[in-house]
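J.: Below is the file protein_29.cif, which contains mmCIF, C-alpha atoms and all ligand atoms.
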data_model
#
loop_
_atom_site.label_atom_id
_atom_site.label_comp_id
_atom_site.auth_asym_id
_atom_site.auth_seq_id
_atom_site.Cartn_x
_atom_site.Cartn_y
_atom_site.Cartn_z
CA MET A 232 26.63 32.61 -21.41
CA PRO A 233 24.70 29.38 -21.23
CA SER A 234 26.95 26.38 -20.79
CA GLN A 235 27.51 24.11 -23.74
CA ASN A 236 28.97 21.37 -21.59
CA PRO A 237 27.82 17.89 -22.40
CA VAL A 238 26.10 15.87 -19.69
CA PHE A 239 27.69 12.73 -18.27
CA ILE A 240 24.55 11.20 -16.83
CA PRO A 241 23.20 7.86 -18.02
CA GLY A 242 20.18 9.54 -19.57
CA PRO A 243 18.85 11.82 -20.74
CA THR A 244 21.83 11.87 -23.09
CA ASN A 245 23.42 14.52 -25.27
CA MET A 246 21.51 15.25 -28.46
CA PRO A 247 23.21 15.74 -31.82
CA ASP A 248 22.14 19.08 -33.30
CA VAL A 249 20.61 17.44 -36.36
CA VAL A 250 18.43 15.27 -34.13
CA ARG A 251 17.30 18.28 -32.08
CA LYS A 252 16.39 20.08 -35.26
CA ALA A 253 14.47 17.07 -36.56
CA CYS A 254 12.28 17.21 -33.44
CA ASP A 255 11.46 20.87 -34.03
CA MET A 256 8.65 20.78 -36.55
CA ALA A 257 5.70 22.87 -37.60
CA THR A 258 2.31 21.40 -36.71
CA LEU A 259 1.30 18.59 -38.98
CA ASP A 260 -2.00 16.77 -39.41
CA HIS A 261 -1.31 13.29 -38.15
CA ARG A 262 -4.26 11.99 -40.14
CA SER A 263 -2.59 13.04 -43.39
CA ALA A 264 -0.20 11.02 -45.53
CA ALA A 265 2.65 13.24 -44.29
CA PHE A 266 2.52 11.45 -40.94
CA GLY A 267 3.13 8.08 -42.54
CA ARG A 268 6.28 9.43 -44.17
CA ILE A 269 7.65 10.07 -40.68
CA PHE A 270 6.17 7.12 -38.83
CA THR A 271 6.99 4.31 -41.26
CA PRO A 272 10.76 4.92 -41.25
CA ALA A 273 10.71 5.39 -37.46
CA LEU A 274 9.11 1.96 -36.98
CA ALA A 275 11.43 0.33 -39.51
CA GLY A 276 14.51 1.95 -37.99
CA VAL A 277 13.67 0.84 -34.46
CA LYS A 278 12.98 -2.68 -35.66
CA GLU A 279 16.45 -2.91 -37.13
CA VAL A 280 18.11 -1.35 -34.08
CA LEU A 281 16.35 -3.94 -31.88
CA GLY A 282 17.57 -6.75 -34.12
CA THR A 283 14.18 -8.15 -34.97
CA THR A 284 12.51 -9.15 -38.18
CA LEU A 285 9.97 -11.42 -36.50
CA GLY A 286 8.68 -8.95 -33.92
CA GLU A 287 6.57 -5.81 -34.08
CA VAL A 288 7.45 -2.36 -32.77
CA PHE A 289 5.15 -0.08 -30.75
CA LEU A 290 5.87 3.57 -30.04
CA PHE A 291 3.95 5.27 -27.25
CA PRO A 292 4.03 8.87 -26.06
CA SER A 293 5.55 7.94 -22.69
CA THR A 294 8.91 6.99 -21.17
CA GLY A 295 10.71 3.74 -20.42
CA THR A 296 8.57 3.26 -17.32
CA GLY A 297 5.47 3.40 -19.50
CA GLY A 298 7.13 0.81 -21.71
CA TRP A 299 7.31 -1.57 -18.73
CA GLU A 300 3.63 -0.98 -18.07
CA ALA A 301 2.69 -1.58 -21.70
CA GLY A 302 4.70 -4.81 -21.76
CA ILE A 303 3.12 -6.12 -18.58
CA SER A 304 -0.46 -5.08 -19.17
CA ASN A 305 -0.62 -6.40 -22.73
CA THR A 306 0.61 -9.90 -21.99
CA LEU A 307 -0.28 -10.84 -18.39
CA SER A 308 -3.31 -11.31 -16.16
CA SER A 309 -3.95 -10.41 -12.55
CA GLY A 310 -2.42 -13.02 -10.23
CA ASP A 311 0.08 -14.30 -12.80
CA THR A 312 3.50 -15.20 -11.47
CA VAL A 313 6.60 -13.55 -12.87
CA LEU A 314 10.24 -14.21 -12.01
CA ALA A 315 12.66 -11.32 -11.51
CA ALA A 316 16.05 -10.69 -9.95
CA ARG A 317 16.53 -7.52 -7.91
CA PHE A 318 20.05 -6.07 -8.08
CA GLY A 319 19.59 -2.32 -8.40
CA MET A 320 17.14 0.57 -8.47
CA PHE A 321 15.71 -0.15 -11.91
CA SER A 322 15.20 -3.88 -11.45
CA HIS A 323 13.62 -2.95 -8.09
CA ARG A 324 11.21 -0.44 -9.62
CA TRP A 325 10.12 -2.92 -12.27
CA ILE A 326 9.33 -5.47 -9.57
CA ASP A 327 7.41 -2.81 -7.65
CA MET A 328 5.35 -2.04 -10.74
CA CYS A 329 4.48 -5.72 -11.21
CA GLN A 330 3.37 -5.93 -7.60
CA ARG A 331 1.17 -2.88 -8.01
CA HIS A 332 -0.44 -4.65 -10.95
CA ARG A 333 -1.23 -7.52 -8.56
CA LEU A 334 1.20 -9.89 -10.17
CA ASN A 335 2.85 -12.46 -7.96
CA VAL A 336 6.54 -11.65 -8.23
CA GLN A 337 9.01 -14.39 -7.39
CA VAL A 338 12.01 -12.24 -6.51
CA ILE A 339 15.59 -13.48 -6.61
CA GLU A 340 17.44 -11.15 -4.26
CA THR A 341 20.88 -10.47 -5.67
CA PRO A 342 23.63 -8.24 -4.27
CA TRP A 343 23.89 -4.82 -5.95
CA GLY A 344 26.91 -4.93 -8.24
CA GLN A 345 25.95 -8.38 -9.55
CA GLY A 346 23.82 -9.09 -12.61
CA ALA A 347 20.86 -11.38 -13.19
CA PRO A 348 22.00 -14.75 -11.77
CA VAL A 349 21.44 -17.13 -14.68
CA ASP A 350 22.01 -20.26 -12.59
CA ARG A 351 19.44 -19.25 -9.96
CA ILE A 352 16.98 -18.25 -12.67
CA GLU A 353 17.44 -21.66 -14.27
CA ALA A 354 16.93 -23.40 -10.91
CA ALA A 355 13.72 -21.44 -10.27
CA LEU A 356 12.41 -22.32 -13.73
CA ARG A 357 13.35 -25.97 -13.27
CA ALA A 358 11.49 -26.09 -9.96
CA ASP A 359 8.39 -24.57 -11.59
CA ARG A 360 7.07 -27.85 -13.02
CA ASP A 361 3.52 -26.57 -13.44
CA HIS A 362 4.70 -23.57 -15.43
CA MET A 363 3.14 -21.02 -13.12
CA ILE A 364 5.82 -18.49 -14.11
CA LYS A 365 4.45 -16.59 -17.09
CA ALA A 366 7.34 -14.20 -17.64
CA VAL A 367 10.99 -13.75 -16.67
CA LEU A 368 11.97 -10.10 -16.25
CA VAL A 369 15.58 -9.06 -16.77
CA THR A 370 17.08 -5.59 -16.58
CA HIS A 371 19.71 -5.86 -19.30
CA ASN A 372 21.73 -2.90 -18.08
CA GLU A 373 21.20 -1.92 -14.44
CA THR A 374 21.79 1.81 -14.67
CA ALA A 375 22.11 2.23 -10.90
CA THR A 376 25.18 0.02 -10.61
CA GLY A 377 26.59 -0.05 -14.14
CA VAL A 378 26.02 -3.79 -14.51
CA LYS A 379 25.04 -5.66 -17.64
CA SER A 380 23.30 -9.02 -17.55
CA ASP A 381 23.60 -12.00 -19.85
CA ILE A 382 20.32 -12.07 -21.78
CA ALA A 383 21.45 -14.86 -24.11
CA GLY A 384 22.26 -16.87 -20.98
CA VAL A 385 18.75 -16.35 -19.59
CA ARG A 386 17.33 -17.50 -22.91
CA ARG A 387 19.51 -20.62 -22.75
CA ALA A 388 18.25 -21.26 -19.21
CA LEU A 389 14.63 -21.05 -20.38
CA ASP A 390 15.35 -23.37 -23.28
CA ALA A 391 17.40 -25.82 -21.20
CA VAL A 392 14.41 -26.56 -18.97
CA ARG A 393 11.89 -26.13 -21.82
CA HIS A 394 10.04 -23.46 -19.90
CA PRO A 395 7.40 -21.55 -21.90
CA ALA A 396 7.62 -18.27 -19.92
CA LEU A 397 7.98 -15.04 -21.89
CA LEU A 398 11.30 -13.19 -21.65
CA PHE A 399 10.91 -9.48 -20.90
CA VAL A 400 14.00 -7.31 -21.16
CA ASP A 401 14.44 -3.76 -19.93
CA GLY A 402 16.90 -2.38 -22.44
CA VAL A 403 16.26 1.27 -21.64
CA SER A 404 19.95 2.06 -21.05
CA SER A 405 21.41 -0.53 -23.43
CA ILE A 406 19.40 -0.58 -26.65
CA GLY A 407 21.06 1.54 -29.32
CA SER A 408 24.36 1.53 -27.41
CA MET A 409 25.26 -2.01 -26.35
CA GLU A 410 24.88 -5.32 -28.13
CA PHE A 411 21.20 -6.22 -28.24
CA ARG A 412 19.71 -8.97 -30.40
CA MET A 413 16.00 -9.35 -29.89
CA ASP A 414 15.39 -12.29 -32.24
CA ALA A 415 18.68 -14.10 -31.65
CA TRP A 416 18.22 -13.91 -27.88
CA GLY A 417 14.55 -14.87 -28.05
CA VAL A 418 13.41 -11.70 -26.31
CA ASP A 419 9.61 -11.47 -26.19
CA ILE A 420 9.25 -7.92 -24.89
CA ALA A 421 12.05 -5.38 -25.32
CA VAL A 422 11.67 -1.97 -23.69
CA ALA A 423 13.56 1.23 -24.51
CA GLY A 424 13.01 4.96 -24.14
CA SER A 425 13.80 7.86 -26.45
CA GLN A 426 16.23 9.73 -24.16
CA LYS A 427 19.07 7.25 -23.85
CA GLY A 428 20.64 5.36 -26.76
CA PHE A 429 18.29 7.04 -29.23
CA MET A 430 19.70 10.49 -28.26
CA LEU A 431 16.31 12.22 -28.16
CA PRO A 432 14.39 14.15 -25.54
CA ALA A 433 12.35 12.01 -23.16
CA GLY A 434 8.82 11.34 -24.36
CA LEU A 435 8.64 8.01 -26.15
CA ALA A 436 8.32 4.47 -24.87
CA ILE A 437 9.80 2.18 -27.50
CA LEU A 438 8.82 -1.49 -27.47
CA GLY A 439 9.48 -4.62 -29.44
CA ALA A 440 7.05 -7.53 -29.08
CA SER A 441 7.70 -11.04 -30.40
CA PRO A 442 5.03 -13.17 -32.10
CA LYS A 443 4.81 -15.16 -28.86
CA ALA A 444 4.15 -12.00 -26.82
CA LEU A 445 1.52 -10.94 -29.35
CA ALA A 446 -0.15 -14.33 -29.06
CA ALA A 447 -0.20 -13.97 -25.25
CA MET A 448 -1.90 -10.60 -25.70
CA GLU A 449 -5.21 -12.18 -26.66
CA ALA A 450 -5.55 -14.11 -23.39
CA ALA A 451 -4.13 -11.36 -21.14
CA THR A 452 -6.71 -9.69 -18.91
CA LEU A 453 -4.81 -6.90 -17.15
CA PRO A 454 -6.63 -3.66 -17.93
CA ARG A 455 -5.06 -1.42 -20.54
CA THR A 456 -6.48 1.36 -22.67
CA PHE A 457 -3.85 4.00 -23.45
CA PHE A 458 -1.20 1.29 -23.71
CA ASP A 459 -3.21 -1.27 -25.68
CA PHE A 460 -1.05 -2.93 -28.35
CA ARG A 461 -4.23 -3.96 -30.16
CA ASP A 462 -5.29 -0.36 -30.79
CA MET A 463 -1.79 0.48 -31.95
CA ARG A 464 -1.70 -2.48 -34.30
CA LYS A 465 -5.06 -1.66 -35.82
CA ALA A 466 -4.12 1.94 -36.45
CA TYR A 467 -0.61 1.14 -37.75
CA ALA A 468 -2.15 -1.21 -40.32
CA THR A 469 -3.72 1.79 -42.05
CA GLY A 470 -0.76 4.15 -41.58
CA GLY A 471 -2.41 5.85 -38.63
CA TYR A 472 -2.14 6.21 -34.87
CA PRO A 473 -4.81 5.57 -32.22
CA TYR A 474 -4.48 9.06 -30.72
CA THR A 475 -2.33 12.13 -31.23
CA PRO A 476 1.26 11.08 -31.78
CA ALA A 477 4.34 13.00 -30.64
CA VAL A 478 5.20 13.82 -34.24
CA GLY A 479 8.39 15.78 -33.60
CA LEU A 480 9.87 13.03 -31.45
CA LEU A 481 8.94 10.41 -34.03
CA ASN A 482 10.65 12.48 -36.72
CA GLY A 483 13.71 12.66 -34.49
CA LEU A 484 13.51 8.91 -33.93
CA ALA A 485 13.39 8.20 -37.66
CA LEU A 486 16.61 10.21 -38.00
CA SER A 487 18.46 8.96 -34.91
CA SER A 488 17.75 5.31 -35.68
CA ARG A 489 18.94 5.96 -39.25
CA MET A 490 22.14 7.51 -37.87
CA LEU A 491 22.78 4.46 -35.68
CA LEU A 492 22.14 2.08 -38.56
CA ASP A 493 24.33 4.08 -40.94
CA GLU A 494 27.14 3.96 -38.40
CA GLY A 495 26.40 0.22 -38.13
CA MET A 496 25.18 -1.36 -34.89
CA GLU A 497 28.40 -3.29 -34.41
CA THR A 498 30.36 -0.06 -34.80
CA VAL A 499 28.03 1.73 -32.38
CA TRP A 500 28.56 -1.05 -29.82
CA ALA A 501 32.34 -0.90 -30.39
CA ARG A 502 32.35 2.88 -29.92
CA HIS A 503 30.52 2.54 -26.62
CA TYR A 504 32.94 -0.17 -25.52
CA ARG A 505 35.92 2.00 -26.42
CA ILE A 506 34.67 5.10 -24.63
CA ALA A 507 33.67 3.00 -21.60
CA GLU A 508 37.05 1.28 -21.52
CA GLY A 509 38.78 4.68 -21.37
CA VAL A 510 36.59 5.56 -18.39
CA ARG A 511 37.44 2.28 -16.70
CA ARG A 512 41.18 2.90 -17.23
CA ALA A 513 40.73 6.31 -15.62
CA VAL A 514 38.86 4.84 -12.66
CA ALA A 515 41.64 2.30 -12.14
CA ALA A 516 44.28 5.05 -12.34
CA TRP A 517 42.40 6.95 -9.62
CA GLY A 518 42.82 3.86 -7.47
CA LEU A 519 39.05 3.37 -7.45
CA LYS A 520 36.78 0.54 -8.56
CA PRO A 521 33.53 0.22 -10.46
CA CYS A 522 30.51 -0.98 -8.49
CA ALA A 523 30.15 -3.86 -11.00
CA ALA A 524 31.65 -6.89 -9.31
CA SER A 525 33.64 -8.31 -12.24
CA PRO A 526 34.74 -7.30 -15.76
CA ASP A 527 32.16 -9.51 -17.50
CA LEU A 528 29.49 -7.35 -15.82
CA TYR A 529 30.89 -3.97 -16.86
CA SER A 530 28.33 -1.80 -18.60
CA ASP A 531 29.45 0.12 -21.66
CA THR A 532 26.93 2.90 -21.06
CA VAL A 533 27.42 3.81 -17.39
CA THR A 534 30.11 3.34 -14.77
CA ALA A 535 29.18 3.62 -11.10
CA VAL A 536 32.42 4.58 -9.39
CA VAL A 537 32.77 3.47 -5.76
CA VAL A 538 34.07 6.49 -3.83
CA PRO A 539 36.95 6.30 -1.32
CA GLU A 540 36.17 5.44 2.30
CA GLY A 541 34.72 8.43 4.15
CA CYS A 542 33.82 10.29 0.93
CA ASN A 543 30.35 10.95 -0.44
CA GLY A 544 29.56 10.57 -4.14
CA THR A 545 26.66 12.99 -3.93
CA ASP A 546 29.09 15.76 -2.84
CA LEU A 547 31.00 15.30 -6.09
CA VAL A 548 27.84 15.42 -8.19
CA LYS A 549 26.69 18.62 -6.45
CA LEU A 550 30.07 20.30 -6.78
CA ALA A 551 30.38 19.37 -10.46
CA ALA A 552 26.98 20.92 -11.13
CA GLU A 553 27.55 24.09 -9.10
CA LYS A 554 31.19 24.86 -9.82
CA TYR A 555 31.76 23.43 -13.30
CA ASP A 556 28.25 23.15 -14.70
CA VAL A 557 28.76 19.50 -15.53
CA ALA A 558 26.28 16.72 -14.71
CA PHE A 559 27.23 13.34 -13.29
CA GLY A 560 24.78 10.84 -11.80
CA VAL A 561 24.22 10.38 -8.08
CA GLY A 562 24.08 6.98 -6.42
CA LEU A 563 20.56 5.61 -6.05
CA GLY A 564 18.97 3.48 -3.34
CA GLU A 565 21.38 1.13 -1.58
CA VAL A 566 24.42 2.78 -3.12
CA ALA A 567 23.35 6.40 -2.50
CA GLY A 568 26.47 8.34 -1.47
CA LYS A 569 28.66 5.31 -2.02
CA VAL A 570 29.06 5.83 -5.75
CA PHE A 571 28.84 8.53 -8.35
CA ARG A 572 27.92 7.58 -11.89
CA ILE A 573 29.53 8.53 -15.15
CA GLY A 574 27.18 8.14 -18.09
CA HIS A 575 28.94 7.38 -21.36
CA LEU A 576 26.26 6.63 -23.90
CA GLY A 577 24.62 8.24 -26.86
CA SER A 578 26.20 11.11 -28.74
CA LEU A 579 29.70 11.09 -27.27
CA THR A 580 33.30 11.10 -28.48
CA ASP A 581 36.64 10.25 -26.90
CA VAL A 582 37.44 13.96 -26.65
CA LEU A 583 34.19 14.81 -24.87
CA MET A 584 34.76 11.91 -22.50
CA LEU A 585 38.20 13.27 -21.60
CA ALA A 586 36.53 16.54 -20.60
CA GLY A 587 34.19 14.63 -18.31
CA LEU A 588 37.03 12.70 -16.72
CA ALA A 589 39.02 15.91 -16.24
CA THR A 590 36.03 17.50 -14.52
CA ALA A 591 35.55 14.54 -12.21
CA GLU A 592 39.23 14.83 -11.25
CA MET A 593 38.94 18.54 -10.50
CA CYS A 594 35.99 17.83 -8.24
CA MET A 595 37.82 15.04 -6.45
CA ALA A 596 40.82 17.33 -5.89
CA ASP A 597 38.50 20.13 -4.68
CA LEU A 598 36.91 17.73 -2.20
CA GLY A 599 40.29 16.54 -0.95
CA TRP A 600 39.82 12.98 -2.16
CA PRO A 601 43.10 11.06 -2.47
CA VAL A 602 43.27 11.21 -6.26
CA LYS A 603 46.11 12.67 -8.31
CA LEU A 604 45.04 15.35 -10.82
CA GLY A 605 45.60 14.15 -14.36
CA SER A 606 46.05 10.50 -13.49
CA GLY A 607 42.75 9.25 -14.87
CA VAL A 608 42.83 11.60 -17.85
CA ALA A 609 46.29 10.34 -18.78
CA ALA A 610 45.18 6.72 -18.56
CA ALA A 611 42.19 7.41 -20.79
CA GLN A 612 44.32 9.45 -23.21
CA ASP A 613 46.72 6.55 -23.54
CA TYR A 614 43.85 4.23 -24.32
CA TYR A 615 42.08 6.55 -26.78
CA ARG A 616 45.36 7.44 -28.57
CA THR A 617 45.88 3.82 -29.46
CA HIS A 618 42.32 2.53 -29.72
CA GLY A 619 40.34 5.54 -31.00
CA LEU A 620 38.82 5.75 -34.44
CA GLY A 621 41.59 8.14 -35.52
CA ALA A 622 44.27 5.66 -34.45
CA VAL A 623 42.57 2.91 -36.42
CA LYS A 624 42.30 5.17 -39.50
CA ALA A 625 45.91 6.37 -39.22
CA ALA A 626 47.15 2.78 -39.07
CA ALA A 627 45.11 1.74 -42.10
C1 LIG B 701 16.17 5.24 -17.36
C2 LIG B 701 15.77 3.85 -17.09
C3 LIG B 701 14.44 3.48 -16.87
C4 LIG B 701 13.34 4.47 -16.70
O1 LIG B 701 13.02 5.10 -17.85
P1 LIG B 701 12.17 6.44 -17.85
O2 LIG B 701 12.30 6.82 -19.28
O3 LIG B 701 12.84 7.38 -16.90
O4 LIG B 701 10.80 6.10 -17.45
C5 LIG B 701 14.14 2.14 -16.72
N1 LIG B 701 15.10 1.22 -16.76
C6 LIG B 701 16.39 1.52 -16.94
C7 LIG B 701 17.40 0.42 -16.95
C8 LIG B 701 16.77 2.85 -17.11
O5 LIG B 701 18.06 3.15 -17.27
#
Let me see whether you can do it: turn the structure in this file into structure tokens.
Ligand SMILES: *Cc1c(COP(=O)(O)O)cnc(C)c1O
T.:
Amino acid sequence: MPSQNPVFIPGPTNMPDVVRKACDMATLDHRSAAFGRIFTPALAGVKEVLGTTLGEVFLFPSTGTGGWEAGISNTLSSGDTVLAARFGMFSHRWIDMCQRHRLNVQVIETPWGQGAPVDRIEAALRADRDHMIKAVLVTHNETATGVKSDIAGVRRALDAVRHPALLFVDGVSSIGSMEFRMDAWGVDIAVAGSQKGFMLPAGLAILGASPKALAAMEAATLPRTFFDFRDMRKAYATGGYPYTPAVGLLNGLALSSRMLLDEGMETVWARHYRIAEGVRRAVAAWGLKPCAASPDLYSDTVTAVVVPEGCNGTDLVKLAAEKYDVAFGVGLGEVAGKVFRIGHLGSLTDVLMLAGLATAEMCMADLGWPVKLGSGVAAAQDYYRTHGLGAVKAAA
């Protein structure tokens, strides 16, 4: 019997059945009016999820990585300087991409487990009197370490020194799950992918671009063809698409963004906080710690659990897959082996999360790690009993 276990990786995430079904469509002529009936609500839904009324949304057949490339190539020119902090695998890969595009990346090296250092970013911007820095890149939620960064703080830093650089935010593992406010935070380029908070299969790069980013687009000279915002814009204006769209995914996106908005973004963010907090209580009960250095940095979509001395996180991930048919995330880069990651975003409930925590405990016991069976589950149960949706309803 094929397993129906949910995955506990920080993307791709579990898909609600209705969303899966929405992606499964008969062939449709994307040059007909029927396409517009799918595409228009998808664009509008994403716009609202991003928290923008000023910006424009672009949807490419791609992934989050393609979203980075679209953001960069549409707004920057060869040799431009960008400022970025490196504190995990995803912030690292974004920097690497900029370098491959021959951008001059001013890197702020930051220990893994920390977030984007707002004070050092502000100092770098202050020192840049000639405004050579054209963009500041921030990974909102570093999926490798389970660390969230203070985007509003970075915006304040830019404003405090009156620096005109664009603010690019990788929200691939935060948008649609954790608080994200594109307009309020003055984000110029927001990047997401379909397979995380939007609960879809991989296959779409989802971008928001501010009026300022769109103005920069005219002067930008980095080559782009497939990813050209201008072609997208032109086609969208007439209800079309510049090439063949991934219609099924877009239909799924129209539905999943509607589901998020119907739940209410604040409620979605609160649900992710609650589920994450149960995981954190479990981790503490195991006597272990998250990789994130302090509570203000805790991600509500992924927890990287630092494994006990002499243990290997990858062993747990392998065992969980082979013995229990459950997926957790391995440690990446600098923290390979030192952590295992529990993804807790997308379509997830308290009850499903308890199953994931129970599985992690079985694996730890199997591997002889010094963790008491049931300890983490009990801590999470206690939290969910009193903070879950049911508890709130029962008290009302
Ligand atoms: C998953 C992820 C990416 C990469 O997205 P792909 O869809 O795999 O290309 C980029 N940044 C962050 C923070 C991610 O979590």
J.: Hey, what's within 9 Å of Leu576 (chain A) if we count all atoms listed in the file and toss same-chain stuff fewer than 5 positions away? As a PyMOL selection string, please?
T.: chain A and resi 239-242+244-245+404-405+408+427-428+430+503+506-507+531-533
J.: Please produce a file of those selected residues containing C-alpha atoms, as a compact mmCIF listing (two decimals), keeping the file's coordinate frame.
T.:
# COMPACT_ATOMS: atom_id res chain seq x y z
CA PHE A 239 27.69 12.73 -18.27
CA ILE A 240 24.55 11.20 -16.83
CA PRO A 241 23.20 7.86 -18.02
CA GLY A 242 20.18 9.54 -19.57
CA THR A 244 21.83 11.87 -23.09
CA ASN A 245 23.42 14.52 -25.27
CA SER A 404 19.95 2.06 -21.05
CA SER A 405 21.41 -0.53 -23.43
CA SER A 408 24.36 1.53 -27.41
CA LYS A 427 19.07 7.25 -23.85
CA GLY A 428 20.64 5.36 -26.76
CA MET A 430 19.70 10.49 -28.26
CA HIS A 503 30.52 2.54 -26.62
CA ILE A 506 34.67 5.10 -24.63
CA ALA A 507 33.67 3.00 -21.60
CA ASP A 531 29.45 0.12 -21.66
CA THR A 532 26.93 2.90 -21.06
CA VAL A 533 27.42 3.81 -17.39
J.: Just want the residues within 8 Å of ligand LIG 701 (chain B), written as a PyMOL selection string, counting only C-alpha atoms and all ligand atoms.
T.: chain A and resi 241-243+293-298+321-322+325+370-375+401-405+423-427+433-436
J.: List the spatial neighbours of region 561-569 of chain A as a ChimeraX atom specification - criterion: any atom at most 9 Å away, only C-alpha atoms, same-chain residues fewer than 5 positions off excluded.
T.: /A:240,319-320,343,375-376,522,535-540,542-549
J.: Between A:Val478, A:Val400, A:Ala450, A:Leu491, single out the one closest to Ile382 (chain A), counting only C-alpha atoms.
T.: A:Val400
J.: Using all atoms listed in the file, find all polymer residues with an atom at most 6 Å away from the point (30.8, 15.5, -11.8); report them as a PyMOL selection string.
T.: chain A and resi 547-548+551+557-559+591
J.: Using all atoms listed in the file, pick whichever of A:Gly587, A:Gly518, A:Gly417, A:Gly407 has the shortest atom-to-atom distance to Gly384 (chain A).
T.: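 Among A:Gly587, A:Gly518, A:Gly417, A:Gly407, it is A:Gly417 that comes nearest to Gly384 (chain A).
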J.: With all atoms listed in the file as the atoms that count, which of A:Phe289, A:Phe411, A:Tyr504, A:Tyr467 lies nearest to His618 (chain A)?
T.: A:Tyr504
J.: Using only C-alpha atoms, which of A:Ala301, A:Ala275, A:Leu481, A:Met593 sits nearest Phe457 (chain A)?
T.: A:Ala301
J.: Which protein, DNA or RNA residues are at most 12 Å from (33.6, -5.8, -10.6) in the file's coordinates when you count all atoms listed in the file, listed as a ChimeraX atom specification?
T.: /A:343-346,376-379,511,515,519-530,534-537
J.: Would you please work out which residue, of A:Ala415, A:Ser578, A:Tyr555, A:Thr475, is nearest to Arg262 (chain A) when using all atoms listed in the file?
T.: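 Nearest to Arg262 (chain A): A:Thr475.
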J.: Which residues are close to Asn335 (chain A), i.e. within 8 Å by all atoms listed in the file, leaving aside same-chain residues fewer than 5 positions away? Reply as number ranges by chain.
T.: A: 310-313, 329-330
J.: Given the choices A:Leu583, A:Leu550, A:Ala421, A:Ala609, which gets closest to Phe571 (chain A) if the distance is worked out from all atoms listed in the file?
T.: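 Among A:Leu583, A:Leu550, A:Ala421, A:Ala609, it is A:Leu550 that comes nearest to Phe571 (chain A).
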J.: In Å to one decimal, how far is CA of Pro476 (chain A) from CA of Val288 (chain A)?
T.: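 CA of Pro476 (chain A) lies 14.8 Å from CA of Val288 (chain A).
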J.: In Å, rounded to a single decimal, give me how far CA of Ala447 (chain A) is from CA of Ile352 (chain A).
T.: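 Taking CA of Ile352 (chain A) as the start and CA of Ala447 (chain A) as the end point, the length is 21.7 Å.
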J.: At what distance in Å, to one decimal, does CA of Asp493 (chain A) lie from CA of Tyr614 (chain A)?
T.: 25.6 Å
J.: Near Glu353 (chain A), within 12 Å and counting only C-alpha atoms, which residues show up once chain neighbours fewer than 6 positions away are dropped, as a ChimeraX atom specification?
T.: /A:314-316,339,347,359,367,384-394,396
J.: Can you put N, CA and C atoms back into region 278-289 of chain A and show it as a PDB file, in the coordinates of the input?
T.:
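Saved result, part_13.pdb, follows:
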ATOM      1  N   LYS A 278      12.988  -1.233 -35.485  1.00  0.00           N
ATOM      2  CA  LYS A 278      12.980  -2.680 -35.660  1.00  0.00           C
ATOM      3  C   LYS A 278      14.393  -3.195 -35.927  1.00  0.00           C
ATOM      4  N   GLU A 279      15.092  -2.484 -36.770  1.00  0.00           N
ATOM      5  CA  GLU A 279      16.450  -2.910 -37.130  1.00  0.00           C
ATOM      6  C   GLU A 279      17.412  -2.700 -35.960  1.00  0.00           C
ATOM      7  N   VAL A 280      17.240  -1.602 -35.237  1.00  0.00           N
ATOM      8  CA  VAL A 280      18.110  -1.350 -34.080  1.00  0.00           C
ATOM      9  C   VAL A 280      17.896  -2.456 -33.032  1.00  0.00           C
ATOM     10  N   LEU A 281      16.653  -2.878 -32.862  1.00  0.00           N
ATOM     11  CA  LEU A 281      16.350  -3.940 -31.880  1.00  0.00           C
ATOM     12  C   LEU A 281      16.889  -5.300 -32.331  1.00  0.00           C
ATOM     13  N   GLY A 282      17.121  -5.446 -33.616  1.00  0.00           N
ATOM     14  CA  GLY A 282      17.570  -6.750 -34.120  1.00  0.00           C
ATOM     15  C   GLY A 282      16.421  -7.722 -34.236  1.00  0.00           C
ATOM     16  N   THR A 283      15.306  -7.232 -34.772  1.00  0.00           N
ATOM     17  CA  THR A 283      14.180  -8.150 -34.970  1.00  0.00           C
ATOM     18  C   THR A 283      13.603  -8.014 -36.368  1.00  0.00           C
ATOM     19  N   THR A 284      13.318  -9.154 -36.956  1.00  0.00           N
ATOM     20  CA  THR A 284      12.510  -9.150 -38.180  1.00  0.00           C
ATOM     21  C   THR A 284      11.180  -9.830 -37.884  1.00  0.00           C
ATOM     22  N   LEU A 285      11.177 -10.662 -36.848  1.00  0.00           N
ATOM     23  CA  LEU A 285       9.970 -11.420 -36.500  1.00  0.00           C
ATOM     24  C   LEU A 285       8.984 -10.583 -35.682  1.00  0.00           C
ATOM     25  N   GLY A 286       9.521  -9.687 -34.865  1.00  0.00           N
ATOM     26  CA  GLY A 286       8.680  -8.950 -33.920  1.00  0.00           C
ATOM     27  C   GLY A 286       8.034  -7.713 -34.512  1.00  0.00           C
ATOM     28  N   GLU A 287       7.197  -7.073 -33.687  1.00  0.00           N
ATOM     29  CA  GLU A 287       6.570  -5.810 -34.080  1.00  0.00           C
ATOM     30  C   GLU A 287       7.002  -4.733 -33.105  1.00  0.00           C
ATOM     31  N   VAL A 288       7.026  -3.491 -33.591  1.00  0.00           N
ATOM     32  CA  VAL A 288       7.450  -2.360 -32.770  1.00  0.00           C
ATOM     33  C   VAL A 288       6.242  -1.494 -32.428  1.00  0.00           C
ATOM     34  N   PHE A 289       6.195  -1.025 -31.179  1.00  0.00           N
ATOM     35  CA  PHE A 289       5.150  -0.080 -30.750  1.00  0.00           C
ATOM     36  C   PHE A 289       5.815   1.142 -30.154  1.00  0.00           C
TER      37      PHE A 289
END
